[in-house]
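Trainee: What follows is query-v2.pdb, PDB, C-alpha atoms.
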```pdb
ATOM      1  CA  MET A 194      21.837   0.042 -15.296
ATOM      2  CA  THR A 195      22.796   3.666 -15.871
ATOM      3  CA  LEU A 196      21.422   6.086 -13.293
ATOM      4  CA  THR A 197      19.743   8.777 -15.377
ATOM      5  CA  PRO A 198      17.494  11.548 -13.992
ATOM      6  CA  ALA A 199      14.436   9.593 -15.161
ATOM      7  CA  ILE A 200      15.589   6.425 -13.389
ATOM      8  CA  ALA A 201      16.402   8.412 -10.246
ATOM      9  CA  ILE A 202      12.939   9.981 -10.132
ATOM     10  CA  ALA A 203      11.283   6.629 -10.834
ATOM     11  CA  GLY A 204      13.230   5.335  -7.836
ATOM     12  CA  VAL A 205      11.917   8.213  -5.714
ATOM     13  CA  VAL A 206       8.379   7.328  -6.839
ATOM     14  CA  MET A 207       8.917   3.777  -5.606
ATOM     15  CA  ILE A 208      10.421   4.981  -2.316
ATOM     16  CA  ALA A 209       7.415   7.256  -1.758
ATOM     17  CA  LEU A 210       5.055   4.386  -2.605
ATOM     18  CA  ASN A 211       7.010   2.216  -0.168
ATOM     19  CA  PHE A 212       6.545   4.752   2.624
ATOM     20  CA  TYR A 213       2.855   5.024   1.751
ATOM     21  CA  VAL A 214       2.360   1.268   2.008
ATOM     22  CA  LEU A 215       4.211   1.024   5.330
ATOM     23  CA  SER A 216       2.358   3.958   6.891
ATOM     24  CA  ALA A 217      -1.023   4.614   5.271
ATOM     25  CA  GLY A 218      -1.266   0.948   4.285
ATOM     26  CA  ALA A 219      -1.158  -0.012   7.941
ATOM     27  CA  ASP A 220      -3.826   2.623   8.623
ATOM     28  CA  PHE A 221      -6.104   0.908   6.116
ATOM     29  CA  GLY A 222      -5.321  -2.378   7.850
ATOM     30  CA  GLY A 223      -6.386  -0.791  11.120
ATOM     31  CA  GLY A 224      -9.779  -0.177   9.546
ATOM     32  CA  VAL A 225      -9.978  -3.875   8.646
ATOM     33  CA  TRP A 226      -9.419  -4.872  12.277
ATOM     34  CA  ASP A 227     -11.920  -2.231  13.359
ATOM     35  CA  PHE A 228     -14.472  -3.980  11.132
ATOM     36  CA  LEU A 229     -13.496  -7.419  12.486
ATOM     37  CA  ALA A 230     -13.276  -6.401  16.152
ATOM     38  CA  SER A 231     -14.777  -9.171  18.266
ATOM     39  CA  GLY A 232     -14.851 -10.754  21.693
ATOM     40  CA  PRO A 233     -15.215  -9.180  25.130
ATOM     41  CA  ARG A 234     -12.581  -6.535  24.254
ATOM     42  CA  ARG A 235     -14.226  -5.483  20.981
ATOM     43  CA  GLN A 236     -14.748  -1.857  21.978
ATOM     44  CA  ALA A 237     -11.274  -1.679  23.520
ATOM     45  CA  GLN A 238      -9.804  -2.929  20.226
ATOM     46  CA  ARG A 239     -11.609  -0.187  18.293
ATOM     47  CA  ASP A 240     -10.601   2.477  20.795
ATOM     48  CA  LEU A 241      -6.984   1.393  20.533
ATOM     49  CA  ILE A 242      -7.056   1.529  16.729
ATOM     50  CA  SER A 243      -8.513   5.060  16.804
ATOM     51  CA  HIS A 244      -5.964   6.138  19.409
ATOM     52  CA  ALA A 245      -3.087   4.726  17.358
ATOM     53  CA  LEU A 246      -4.219   6.362  14.100
ATOM     54  CA  ALA A 247      -5.379   9.740  15.368
ATOM     55  CA  PRO A 248      -2.088  11.716  15.502
ATOM     56  CA  ILE A 249      -0.578  10.668  12.179
ATOM     57  CA  TRP A 250      -3.145   9.189   9.750
ATOM     58  CA  GLU A 251      -3.551  12.336   7.640
ATOM     59  CA  ALA A 252       0.192  13.010   7.386
ATOM     60  CA  ASN A 253       0.720   9.555   5.914
ATOM     61  CA  HIS A 254      -1.071  10.575   2.711
ATOM     62  CA  VAL A 255       1.756  12.977   1.859
ATOM     63  CA  TRP A 256       3.495  10.016   0.207
ATOM     64  CA  LEU A 257       0.577   9.337  -2.136
ATOM     65  CA  ILE A 258       0.462  13.016  -3.063
ATOM     66  CA  LEU A 259       4.185  12.890  -3.856
ATOM     67  CA  VAL A 260       3.704   9.821  -6.078
ATOM     68  CA  ILE A 261       0.912  11.514  -8.041
ATOM     69  CA  VAL A 262       2.792  14.809  -8.460
ATOM     70  CA  LEU A 263       5.967  13.090  -9.637
ATOM     71  CA  LEU A 264       4.057  10.943 -12.119
ATOM     72  CA  PHE A 265       2.187  13.757 -13.829
ATOM     73  CA  THR A 266       5.198  16.104 -13.763
ATOM     74  CA  CYS A 267       7.966  13.721 -14.760
ATOM     75  CA  PHE A 268       6.155  10.913 -16.609
ATOM     76  CA  PRO A 269       3.145  12.600 -18.243
ATOM     77  CA  ALA A 270       2.665   9.916 -20.911
ATOM     78  CA  ALA A 271       2.340   7.175 -18.282
ATOM     79  CA  PHE A 272       0.238   9.344 -15.976
ATOM     80  CA  SER A 273      -2.270  10.243 -18.685
ATOM     81  CA  THR A 274      -2.677   6.613 -19.740
ATOM     82  CA  ILE A 275      -3.165   5.422 -16.165
ATOM     83  CA  ALA A 276      -5.527   8.271 -15.265
ATOM     84  CA  ILE A 277      -7.693   7.703 -18.347
ATOM     85  CA  ALA A 278      -7.720   3.909 -18.532
ATOM     86  CA  LEU A 279      -8.169   3.439 -14.783
ATOM     87  CA  HIS A 280     -10.367   6.453 -14.083
ATOM     88  CA  ILE A 281     -13.129   4.267 -12.593
ATOM     89  CA  PRO A 282     -11.109   2.448  -9.885
ATOM     90  CA  LEU A 283      -9.002   5.557  -9.213
ATOM     91  CA  SER A 284     -12.141   7.668  -8.711
ATOM     92  CA  LEU A 285     -13.608   5.007  -6.420
ATOM     93  CA  MET A 286     -10.291   4.929  -4.535
ATOM     94  CA  LEU A 287     -10.427   8.689  -4.050
ATOM     95  CA  ILE A 288     -14.004   8.456  -2.793
ATOM     96  CA  GLY A 289     -12.932   5.685  -0.414
ATOM     97  CA  ILE A 290     -10.022   7.740   0.954
ATOM     98  CA  VAL A 291     -12.265  10.785   1.488
ATOM     99  CA  LEU A 292     -15.074   8.756   3.059
ATOM    100  CA  ARG A 293     -12.632   6.930   5.307
ATOM    101  CA  GLY A 294     -11.001  10.123   6.561
ATOM    102  CA  SER A 295     -14.306  11.937   7.023
ATOM    103  CA  ALA A 296     -15.874   8.993   8.842
ATOM    104  CA  PHE A 297     -12.859   8.677  11.126
ATOM    105  CA  ILE A 298     -13.143  12.323  12.154
ATOM    106  CA  PHE A 299     -16.930  12.269  12.594
ATOM    107  CA  ARG A 300     -16.721   9.116  14.692
ATOM    108  CA  SER A 301     -13.890  10.465  16.830
ATOM    109  CA  TYR A 302     -15.895  13.478  18.026
ATOM    110  CA  GLY A 303     -19.018  11.778  19.280
ATOM    111  CA  SER A 304     -20.243   9.207  21.752
ATOM    112  CA  THR A 305     -19.647   5.617  20.694
ATOM    113  CA  GLN A 306     -23.170   4.849  21.965
ATOM    114  CA  ASP A 307     -24.756   7.242  19.482
ATOM    115  CA  ALA A 308     -26.249   5.499  16.431
ATOM    116  CA  THR A 309     -24.759   8.086  14.080
ATOM    117  CA  GLN A 310     -21.268   7.462  15.419
ATOM    118  CA  LEU A 311     -21.717   3.726  15.019
ATOM    119  CA  TRP A 312     -22.774   4.312  11.410
ATOM    120  CA  TRP A 313     -19.682   6.435  10.743
ATOM    121  CA  GLY A 314     -17.582   3.677  12.268
ATOM    122  CA  ARG A 315     -19.016   1.238   9.749
ATOM    123  CA  VAL A 316     -18.291   3.631   6.867
ATOM    124  CA  PHE A 317     -14.705   4.004   8.112
ATOM    125  CA  ALA A 318     -14.214   0.236   8.264
ATOM    126  CA  ILE A 319     -15.803  -0.584   4.893
ATOM    127  CA  ALA A 320     -13.875   2.187   3.101
ATOM    128  CA  SER A 321     -10.683   0.833   4.707
ATOM    129  CA  ILE A 322     -11.390  -2.572   3.152
ATOM    130  CA  VAL A 323     -12.536  -1.508  -0.310
ATOM    131  CA  THR A 324      -9.832   1.115  -1.001
ATOM    132  CA  PRO A 325      -6.784  -1.211  -0.749
ATOM    133  CA  VAL A 326      -8.531  -3.736  -2.991
ATOM    134  CA  LEU A 327      -9.056  -1.037  -5.622
ATOM    135  CA  LEU A 328      -5.416   0.029  -5.301
ATOM    136  CA  GLY A 329      -4.313  -3.557  -5.868
ATOM    137  CA  MET A 330      -6.622  -3.882  -8.871
ATOM    138  CA  CYS A 331      -4.956  -0.837 -10.436
ATOM    139  CA  VAL A 332      -1.523  -2.391  -9.848
ATOM    140  CA  GLY A 333      -2.787  -5.635 -11.355
ATOM    141  CA  ALA A 334      -4.064  -3.821 -14.440
ATOM    142  CA  ILE A 335      -0.638  -2.225 -14.972
ATOM    143  CA  ALA A 336       1.154  -5.562 -14.494
ATOM    144  CA  THR A 337      -0.945  -7.342 -17.124
ATOM    145  CA  GLY A 338       0.446  -5.076 -19.847
ATOM    146  CA  GLY A 339      -2.947  -4.056 -21.176
ATOM    147  CA  LEU A 340      -2.472  -0.354 -20.473
ATOM    148  CA  GLY A 341       0.750  -0.126 -22.470
ATOM    149  CA  MET A 342      -1.129  -0.805 -25.693
ATOM    150  CA  THR A 343      -4.338   1.149 -25.032
ATOM    151  CA  SER A 344      -5.559   3.476 -27.785
ATOM    152  CA  PHE A 345      -8.924   4.389 -26.166
ATOM    153  CA  THR A 346     -10.796   3.824 -29.409
ATOM    154  CA  GLY A 347     -13.596   1.294 -29.353
ATOM    155  CA  PRO A 348     -16.109  -0.013 -26.804
ATOM    156  CA  PHE A 349     -16.108   1.649 -23.374
ATOM    157  CA  VAL A 350     -16.045  -1.650 -21.470
ATOM    158  CA  GLU A 351     -13.091  -2.912 -23.480
ATOM    159  CA  HIS A 352     -10.839   0.015 -22.562
ATOM    160  CA  PHE A 353     -12.112   1.248 -19.202
ATOM    161  CA  VAL A 354     -13.483  -1.812 -17.383
ATOM    162  CA  ARG A 355     -11.841  -5.013 -18.556
ATOM    163  CA  PRO A 356      -8.212  -3.940 -17.911
ATOM    164  CA  TRP A 357      -8.792  -3.741 -14.143
ATOM    165  CA  LEU A 358     -11.921  -5.824 -13.488
ATOM    166  CA  THR A 359     -10.201  -9.204 -13.770
ATOM    167  CA  LEU A 360      -9.664 -12.190 -11.534
ATOM    168  CA  PHE A 361      -5.924 -11.438 -11.467
ATOM    169  CA  GLY A 362      -6.591  -7.803 -10.541
ATOM    170  CA  PHE A 363      -8.935  -8.883  -7.764
ATOM    171  CA  GLY A 364      -6.277 -11.297  -6.520
ATOM    172  CA  VAL A 365      -3.694  -8.492  -6.381
ATOM    173  CA  GLY A 366      -6.297  -6.383  -4.541
ATOM    174  CA  LEU A 367      -6.782  -9.122  -1.950
ATOM    175  CA  MET A 368      -3.003  -9.376  -1.639
ATOM    176  CA  ALA A 369      -2.792  -5.649  -0.876
ATOM    177  CA  LEU A 370      -5.586  -5.971   1.682
ATOM    178  CA  ALA A 371      -3.884  -8.937   3.372
ATOM    179  CA  LEU A 372      -0.514  -7.155   3.492
ATOM    180  CA  PHE A 373      -2.043  -3.997   4.973
ATOM    181  CA  SER A 374      -3.946  -6.042   7.551
ATOM    182  CA  PHE A 375      -0.772  -7.927   8.449
ATOM    183  CA  LEU A 376       1.190  -4.707   8.914
ATOM    184  CA  ALA A 377      -1.545  -3.161  11.043
ATOM    185  CA  ALA A 378      -1.848  -6.171  13.328
ATOM    186  CA  VAL A 379       1.933  -6.375  13.823
ATOM    187  CA  TYR A 380       2.195  -2.636  14.527
ATOM    188  CA  LEU A 381      -0.686  -2.843  17.019
ATOM    189  CA  THR A 382       1.057  -5.575  19.004
ATOM    190  CA  VAL A 383       3.691  -2.953  19.834
ATOM    191  CA  GLU A 384       1.052  -0.285  20.570
ATOM    192  CA  THR A 385      -0.630  -2.631  23.086
ATOM    193  CA  GLU A 386       2.506  -3.632  24.988
ATOM    194  CA  GLY A 387       1.667  -4.908  28.470
ATOM    195  CA  THR A 388      -2.104  -5.143  27.890
ATOM    196  CA  PRO A 389      -4.473  -8.066  27.143
ATOM    197  CA  LEU A 390      -5.096  -6.536  23.718
ATOM    198  CA  GLN A 391      -1.588  -7.551  22.682
ATOM    199  CA  ASP A 392      -2.616 -11.202  22.404
ATOM    200  CA  ASP A 393      -5.689 -10.240  20.372
ATOM    201  CA  PHE A 394      -3.588  -8.523  17.727
ATOM    202  CA  ARG A 395      -0.867 -11.169  17.889
ATOM    203  CA  LYS A 396      -3.430 -13.774  16.800
ATOM    204  CA  ARG A 397      -4.677 -11.487  14.046
ATOM    205  CA  ALA A 398      -1.112 -10.924  12.835
ATOM    206  CA  LEU A 399      -0.449 -14.672  12.625
ATOM    207  CA  TRP A 400      -3.697 -15.340  10.766
ATOM    208  CA  SER A 401      -3.077 -12.495   8.321
ATOM    209  CA  ALA A 402       0.483 -13.766   7.720
ATOM    210  CA  ALA A 403      -1.038 -17.088   6.686
ATOM    211  CA  ALA A 404      -3.495 -15.249   4.426
ATOM    212  CA  VAL A 405      -0.633 -13.359   2.742
ATOM    213  CA  PHE A 406       1.142 -16.659   2.070
ATOM    214  CA  LEU A 407      -1.912 -18.325   0.505
ATOM    215  CA  ILE A 408      -2.999 -15.312  -1.555
ATOM    216  CA  ALA A 409       0.556 -14.756  -2.857
ATOM    217  CA  PHE A 410       0.616 -18.243  -4.371
ATOM    218  CA  GLY A 411      -2.862 -17.731  -5.793
ATOM    219  CA  VAL A 412      -1.803 -14.475  -7.460
ATOM    220  CA  LEU A 413       1.327 -16.131  -8.856
ATOM    221  CA  ALA A 414      -0.825 -18.880 -10.368
ATOM    222  CA  LEU A 415      -3.216 -16.339 -11.901
ATOM    223  CA  SER A 416      -0.298 -14.352 -13.336
ATOM    224  CA  TRP A 417       0.671 -17.339 -15.497
ATOM    225  CA  ASN A 418      -1.803 -16.262 -18.158
ATOM    226  CA  ALA A 419      -2.823 -12.776 -17.006
ATOM    227  CA  ALA A 420       0.633 -11.173 -16.617
ATOM    228  CA  PRO A 421       3.175 -13.434 -18.357
ATOM    229  CA  MET A 422       5.983 -10.865 -18.623
ATOM    230  CA  VAL A 423       5.870  -9.904 -14.953
ATOM    231  CA  ARG A 424       5.438 -13.539 -13.912
ATOM    232  CA  GLN A 425       8.462 -14.600 -15.995
ATOM    233  CA  ARG A 426      10.661 -11.970 -14.373
ATOM    234  CA  LEU A 427       9.336 -12.791 -10.911
ATOM    235  CA  VAL A 428      10.163 -16.442 -11.386
ATOM    236  CA  ALA A 429      13.291 -16.418 -13.554
ATOM    237  CA  GLY A 430      14.614 -12.843 -13.601
ATOM    238  CA  SER A 431      18.175 -12.039 -12.578
ATOM    239  CA  LEU A 432      17.005 -10.667  -9.220
ATOM    240  CA  ALA A 433      14.186 -13.184  -8.701
ATOM    241  CA  LEU A 434      16.056 -15.725  -6.575
ATOM    242  CA  PRO A 435      17.689 -13.268  -4.133
ATOM    243  CA  ILE A 436      14.427 -11.334  -3.701
ATOM    244  CA  HIS A 437      12.453 -14.524  -3.040
ATOM    245  CA  ILE A 438      15.025 -15.824  -0.576
ATOM    246  CA  VAL A 439      15.217 -12.579   1.389
ATOM    247  CA  THR A 440      11.423 -12.128   1.362
ATOM    248  CA  GLY A 441      10.919 -15.700   2.563
ATOM    249  CA  LEU A 442      13.481 -15.323   5.345
ATOM    250  CA  LEU A 443      11.863 -12.072   6.481
ATOM    251  CA  ALA A 444       8.421 -13.705   6.497
ATOM    252  CA  VAL A 445       9.731 -16.561   8.634
ATOM    253  CA  ALA A 446      11.477 -14.060  10.929
ATOM    254  CA  ALA A 447       8.268 -12.049  11.368
ATOM    255  CA  ILE A 448       6.205 -15.131  12.194
ATOM    256  CA  ALA A 449       8.871 -16.500  14.542
ATOM    257  CA  ALA A 450       9.130 -13.152  16.323
ATOM    258  CA  LEU A 451       5.353 -13.029  16.742
ATOM    259  CA  TRP A 452       5.319 -16.596  18.026
ATOM    260  CA  ARG A 453       8.039 -15.803  20.558
ATOM    261  CA  ARG A 454       6.431 -12.477  21.449
ATOM    262  CA  ARG A 455       9.344 -10.403  20.190
ATOM    263  CA  PHE A 456       6.960  -7.780  18.888
ATOM    264  CA  ARG A 457       9.398  -4.988  18.071
ATOM    265  CA  LEU A 458      11.505  -7.397  16.038
ATOM    266  CA  ALA A 459       8.316  -8.621  14.333
ATOM    267  CA  ARG A 460       7.481  -5.038  13.358
ATOM    268  CA  VAL A 461      10.856  -4.556  11.661
ATOM    269  CA  ALA A 462      10.695  -7.935   9.893
ATOM    270  CA  ALA A 463       7.112  -7.382   8.705
ATOM    271  CA  ALA A 464       7.906  -3.934   7.306
ATOM    272  CA  ALA A 465      10.991  -5.315   5.541
ATOM    273  CA  GLN A 466       9.002  -8.252   4.137
ATOM    274  CA  VAL A 467       6.359  -5.952   2.625
ATOM    275  CA  THR A 468       9.114  -3.696   1.282
ATOM    276  CA  PHE A 469      10.785  -6.572  -0.573
ATOM    277  CA  ILE A 470       7.437  -7.702  -2.010
ATOM    278  CA  LEU A 471       6.833  -4.189  -3.340
ATOM    279  CA  TRP A 472      10.315  -3.828  -4.824
ATOM    280  CA  GLY A 473      10.073  -7.321  -6.285
ATOM    281  CA  TRP A 474       7.093  -6.109  -8.294
ATOM    282  CA  ALA A 475       9.075  -3.024  -9.399
ATOM    283  CA  ALA A 476      12.047  -5.170 -10.429
ATOM    284  CA  SER A 477       9.773  -7.470 -12.426
ATOM    285  CA  GLN A 478       8.535  -4.496 -14.499
ATOM    286  CA  TYR A 479      11.849  -2.654 -14.942
ATOM    287  CA  PRO A 480      12.579  -0.806 -17.240
ATOM    288  CA  TYR A 481       8.882  -0.402 -18.076
ATOM    289  CA  LEU A 482       6.446   1.967 -16.439
ATOM    290  CA  LEU A 483       3.626   0.473 -18.478
ATOM    291  CA  PRO A 484       4.651  -2.905 -19.833
ATOM    292  CA  PRO A 485       5.180  -4.127 -22.456
ATOM    293  CA  SER A 486       6.017  -0.976 -24.439
ATOM    294  CA  LEU A 487       6.317   2.238 -22.405
ATOM    295  CA  THR A 488       9.693   2.440 -20.670
ATOM    296  CA  ILE A 489      10.764   4.867 -17.960
ATOM    297  CA  GLU A 490      12.966   6.791 -20.373
ATOM    298  CA  ALA A 491      10.329   6.931 -23.117
ATOM    299  CA  ALA A 492       7.701   8.264 -20.705
ATOM    300  CA  ALA A 493      10.000  10.858 -19.119
ATOM    301  CA  ALA A 494       9.514  14.615 -19.389
ATOM    302  CA  PRO A 495      12.286  16.834 -20.874
ATOM    303  CA  SER A 496      15.645  16.768 -19.075
ATOM    304  CA  ARG A 497      15.266  20.345 -17.802
ATOM    305  CA  THR A 498      12.060  19.378 -15.987
ATOM    306  CA  LEU A 499      13.667  16.295 -14.459
ATOM    307  CA  PHE A 500      16.681  18.235 -13.138
ATOM    308  CA  LEU A 501      14.470  20.932 -11.624
ATOM    309  CA  VAL A 502      12.332  18.264  -9.945
ATOM    310  CA  LEU A 503      15.425  16.564  -8.510
ATOM    311  CA  TRP A 504      16.535  19.871  -6.978
ATOM    312  CA  ALA A 505      13.033  20.427  -5.607
ATOM    313  CA  LEU A 506      13.004  16.921  -4.126
ATOM    314  CA  GLY A 507      16.296  17.591  -2.343
ATOM    315  CA  ALA A 508      14.995  20.840  -0.877
ATOM    316  CA  GLY A 509      11.650  19.278   0.024
ATOM    317  CA  ALA A 510      13.306  16.354   1.793
ATOM    318  CA  CYS A 511      15.063  18.827   4.104
ATOM    319  CA  VAL A 512      11.640  19.975   5.258
ATOM    320  CA  LEU A 513       9.599  16.773   5.047
ATOM    321  CA  PHE A 514      11.732  14.291   6.958
ATOM    322  CA  PRO A 515      12.456  16.500  10.014
ATOM    323  CA  SER A 516       8.756  17.421  10.133
ATOM    324  CA  LEU A 517       7.621  13.798  10.067
ATOM    325  CA  PHE A 518      10.259  12.837  12.621
ATOM    326  CA  TYR A 519       9.051  15.627  14.903
ATOM    327  CA  LEU A 520       5.410  14.571  14.426
ATOM    328  CA  PHE A 521       6.094  10.968  15.371
ATOM    329  CA  ARG A 522       8.461  11.945  18.178
ATOM    330  CA  ILE A 523       5.853  14.194  19.793
ATOM    331  CA  PHE A 524       2.693  12.137  19.373
ATOM    332  CA  LYS A 525       3.516   8.431  19.125
ATOM    333  CA  PRO A 526       5.148   8.047  22.584
ATOM    334  CA  GLN A 527       1.871   9.285  24.051
ATOM    335  CA  GLN A 528       0.160   6.142  22.814
ATOM    336  CA  HIS A 529       1.498   4.298  25.863
ATOM    337  CA  SER A 530       0.887   7.018  28.419
TER
END
```
Please rewrite the model in this file as structure tokens.

Mentor:
Amino acid sequence: MTLTPAIAIAGVVMIALNFYVLSAGADFGGGVWDFLASGPRRQAQRDLISHALAPIWEANHVWLILVIVLLFTCFPAAFSTIAIALHIPLSLMLIGIVLRGSAFIFRSYGSTQDATQLWWGRVFAIASIVTPVLLGMCVGAIATGGLGMTSFTGPFVEHFVRPWLTLFGFGVGLMALALFSFLAAVYLTVETEGTPLQDDFRKRALWSAAAVFLIAFGVLALSWNAAPMVRQRLVAGSLALPIHIVTGLLAVAAIAALWRRRFRLARVAAAAQVTFILWGWAASQYPYLLPPSLTIEAAAAPSRTLFLVLWALGAGACVLFPSLFYLFRIFKPQQHS
């Protein structure tokens, strides 16, 4: 593989998406556990989730913004196809993100006994569940290869509903929801160190790890007919075996660490496991942005644009990473105080 400007920027897109999954994805998972809070410590679980999300949840969306900007600037052909063909789930996703953020703020500044605040809490939780499923359905639609051959002429349902509203797409959506829930539960075991809540989230992490395992095999089975090219590369591609081995070992390490109550180790293993799953999907599609016809190079903007974006990314990284480090350094240690 030759590292061209287009390949480099596509790699940055994947890195940004990776950061989004590990940060904002876990925030969505927190909303899932808010919805499923139960037992005598139900309110304490919800309070802990709000306390853990409050300082950093909005900053996590910077990664999604970066993904969108890079796509429409550097890969306009792919961006236009995705934005048109998937305008329904993407619009619903945007509504879910806005509703979730608004509900979180409205709930945070009122009494938990007030009926309005309880209603906002329900909106926050439901939006946290629906939005990851929609994100996964969009990923599933891209993986099937239907978008790469879309001409947008013909029946509305054929071009704007069927590509994403499929059993395979729904399976990928459930996979995203399970992964986000798993990450959130593992992260929250560290946030609750030394408290009874730690066992609550440890159990949730173990159950969600089992759900990830079962759903992953279900999605692989569905991909046999729905996404044959991606499935073939996932099963028999040159990188398939090493990715599967490493992902499996990381999954076992995360579960073992949770079982032995090594929660900080579990957090690292869980994040690495999700990272390898995400990059396994990217490797299965390479060199296509929209399989089976639109490659990274074919979708790329002119070279001048790509070089200017690479310079801008370098300058932006000098501002972004120190800022995020400072944000986490200032606020996250206070979670235990």

Trainee: If you apply the PyMOL selection byres ((chain A and resi 218) around 12) to this file, what residues do you get, as a VMD selection string?

Mentor: chain A and resid 210 to 217 219 to 225 246 250 253 to 254 256 to 257 290 321 to 322 324 to 326 328 to 329 369 to 378 380 464 467 to 468

Trainee: Between CA of Gly347 in chain A and CA of Ile275 in chain A, measure the distance and give it in Å to one decimal.

Mentor: 17.3 Å

Trainee: By how many Å are CA of Tyr481 in chain A and CA of Val365 in chain A apart?

Mentor: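 So the two atoms, CA of Tyr481 in chain A and CA of Val365 in chain A, lie 19.0 Å apart.
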
Trainee: Enter the distance from CA of Ile319 in chain A to CA of Thr385 in chain A, in Å, rounded to one decimal.

Mentor: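 Taking CA of Ile319 in chain A as the start and CA of Thr385 in chain A as the end point, the length is 23.8 Å.
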
Trainee: Could you list, as a VMD selection string, every residue within 12 Å of range 469-473 of chain A, counting only C-alpha atoms and ignoring same-chain residues fewer than 3 positions away?

Mentor: chain A and resid 204 206 to 215 329 332 365 368 to 369 372 405 to 406 409 423 to 424 426 to 428 430 to 444 462 to 466 476 to 479

Trainee: Between A:Ile258, A:Cys511, A:Ile200, A:Cys331, which has the minimum distance to Ala276 in chain A (counting only C-alpha atoms)?

Mentor: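 Closest to Ala276 in chain A of all the choices is A:Cys331.
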
Trainee: Would you please work out which residue, of A:Val379, A:Leu292, A:Val323, A:Leu367, is nearest to Ile408 in chain A when using only C-alpha atoms?

Mentor: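 Checking each candidate against Ile408 in chain A, we get A:Leu367 as the closest.
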
Trainee: As JSON, numbers by chain, please: the residues near Ala420 in chain A (cut-off 12 Å, only C-alpha atoms, same-chain neighbours under 2 positions excluded).

Mentor: {"A": [332, 333, 334, 335, 336, 337, 338, 339, 340, 356, 359, 360, 361, 362, 365, 412, 413, 414, 415, 416, 417, 418, 422, 423, 424, 425, 426, 427, 474, 477, 478, 484, 485]}

Trainee: Choose the residue, out of A:Pro348, A:Ile261, A:Trp357, A:Ser243, that has the smallest atom-to-atom separation from His280 in chain A; count only C-alpha atoms.

Mentor: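 For His280 in chain A, the nearest of the candidates is A:Trp357.
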
Trainee: Near Phe272 in chain A, within 12 Å and counting only C-alpha atoms, which residues show up once chain neighbours fewer than 2 positions away are dropped, as a ChimeraX atom specification?

Mentor: /A:260-270,274-280,335,340-341,482-483,487,489,492-494

Trainee: Write out the residues from the selection above, keeping C-alpha atoms, as a CSV table (one decimal), keeping the file's coordinate frame.

Mentor:
```csv
chain,number,residue,atom,x,y,z
A,260,VAL,CA,3.7,9.8,-6.1
A,261,ILE,CA,0.9,11.5,-8.0
A,262,VAL,CA,2.8,14.8,-8.5
A,263,LEU,CA,6.0,13.1,-9.6
A,264,LEU,CA,4.1,10.9,-12.1
A,265,PHE,CA,2.2,13.8,-13.8
A,266,THR,CA,5.2,16.1,-13.8
A,267,CYS,CA,8.0,13.7,-14.8
A,268,PHE,CA,6.2,10.9,-16.6
A,269,PRO,CA,3.1,12.6,-18.2
A,270,ALA,CA,2.7,9.9,-20.9
A,274,THR,CA,-2.7,6.6,-19.7
A,275,ILE,CA,-3.2,5.4,-16.2
A,276,ALA,CA,-5.5,8.3,-15.3
A,277,ILE,CA,-7.7,7.7,-18.3
A,278,ALA,CA,-7.7,3.9,-18.5
A,279,LEU,CA,-8.2,3.4,-14.8
A,280,HIS,CA,-10.4,6.5,-14.1
A,335,ILE,CA,-0.6,-2.2,-15.0
A,340,LEU,CA,-2.5,-0.4,-20.5
A,341,GLY,CA,0.8,-0.1,-22.5
A,482,LEU,CA,6.4,2.0,-16.4
A,483,LEU,CA,3.6,0.5,-18.5
A,487,LEU,CA,6.3,2.2,-22.4
A,489,ILE,CA,10.8,4.9,-18.0
A,492,ALA,CA,7.7,8.3,-20.7
A,493,ALA,CA,10.0,10.9,-19.1
A,494,ALA,CA,9.5,14.6,-19.4
```

Trainee: Quick one: residues within 12 Å of Ala237 in chain A, only C-alpha atoms, excluding same-chain residues fewer than 6 positions away - as a PDB file with C-alpha atoms, in the frame of the given file?

Mentor:
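File around_12.pdb, as written:
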```
ATOM      1  CA  TRP A 226      -9.419  -4.872  12.277  1.00  0.00           C
ATOM      2  CA  ASP A 227     -11.920  -2.231  13.359  1.00  0.00           C
ATOM      3  CA  ALA A 230     -13.276  -6.401  16.152  1.00  0.00           C
ATOM      4  CA  SER A 231     -14.777  -9.171  18.266  1.00  0.00           C
ATOM      5  CA  SER A 243      -8.513   5.060  16.804  1.00  0.00           C
ATOM      6  CA  HIS A 244      -5.964   6.138  19.409  1.00  0.00           C
ATOM      7  CA  THR A 305     -19.647   5.617  20.694  1.00  0.00           C
ATOM      8  CA  THR A 385      -0.630  -2.631  23.086  1.00  0.00           C
ATOM      9  CA  THR A 388      -2.104  -5.143  27.890  1.00  0.00           C
ATOM     10  CA  PRO A 389      -4.473  -8.066  27.143  1.00  0.00           C
ATOM     11  CA  LEU A 390      -5.096  -6.536  23.718  1.00  0.00           C
ATOM     12  CA  GLN A 391      -1.588  -7.551  22.682  1.00  0.00           C
ATOM     13  CA  ASP A 393      -5.689 -10.240  20.372  1.00  0.00           C
ATOM     14  CA  PHE A 394      -3.588  -8.523  17.727  1.00  0.00           C
TER      15      PHE A 394
END
```

Trainee: Determine, counting all atoms listed in the file, which protein, DNA and RNA residues have an atom within 10 Å of an atom of Ser301 in chain A; residues of the same chain fewer than 4 positions away are not included. Present the result as a PyMOL selection string.

Mentor: chain A and resi 240+243-244+247+295-297+305+310+313-314
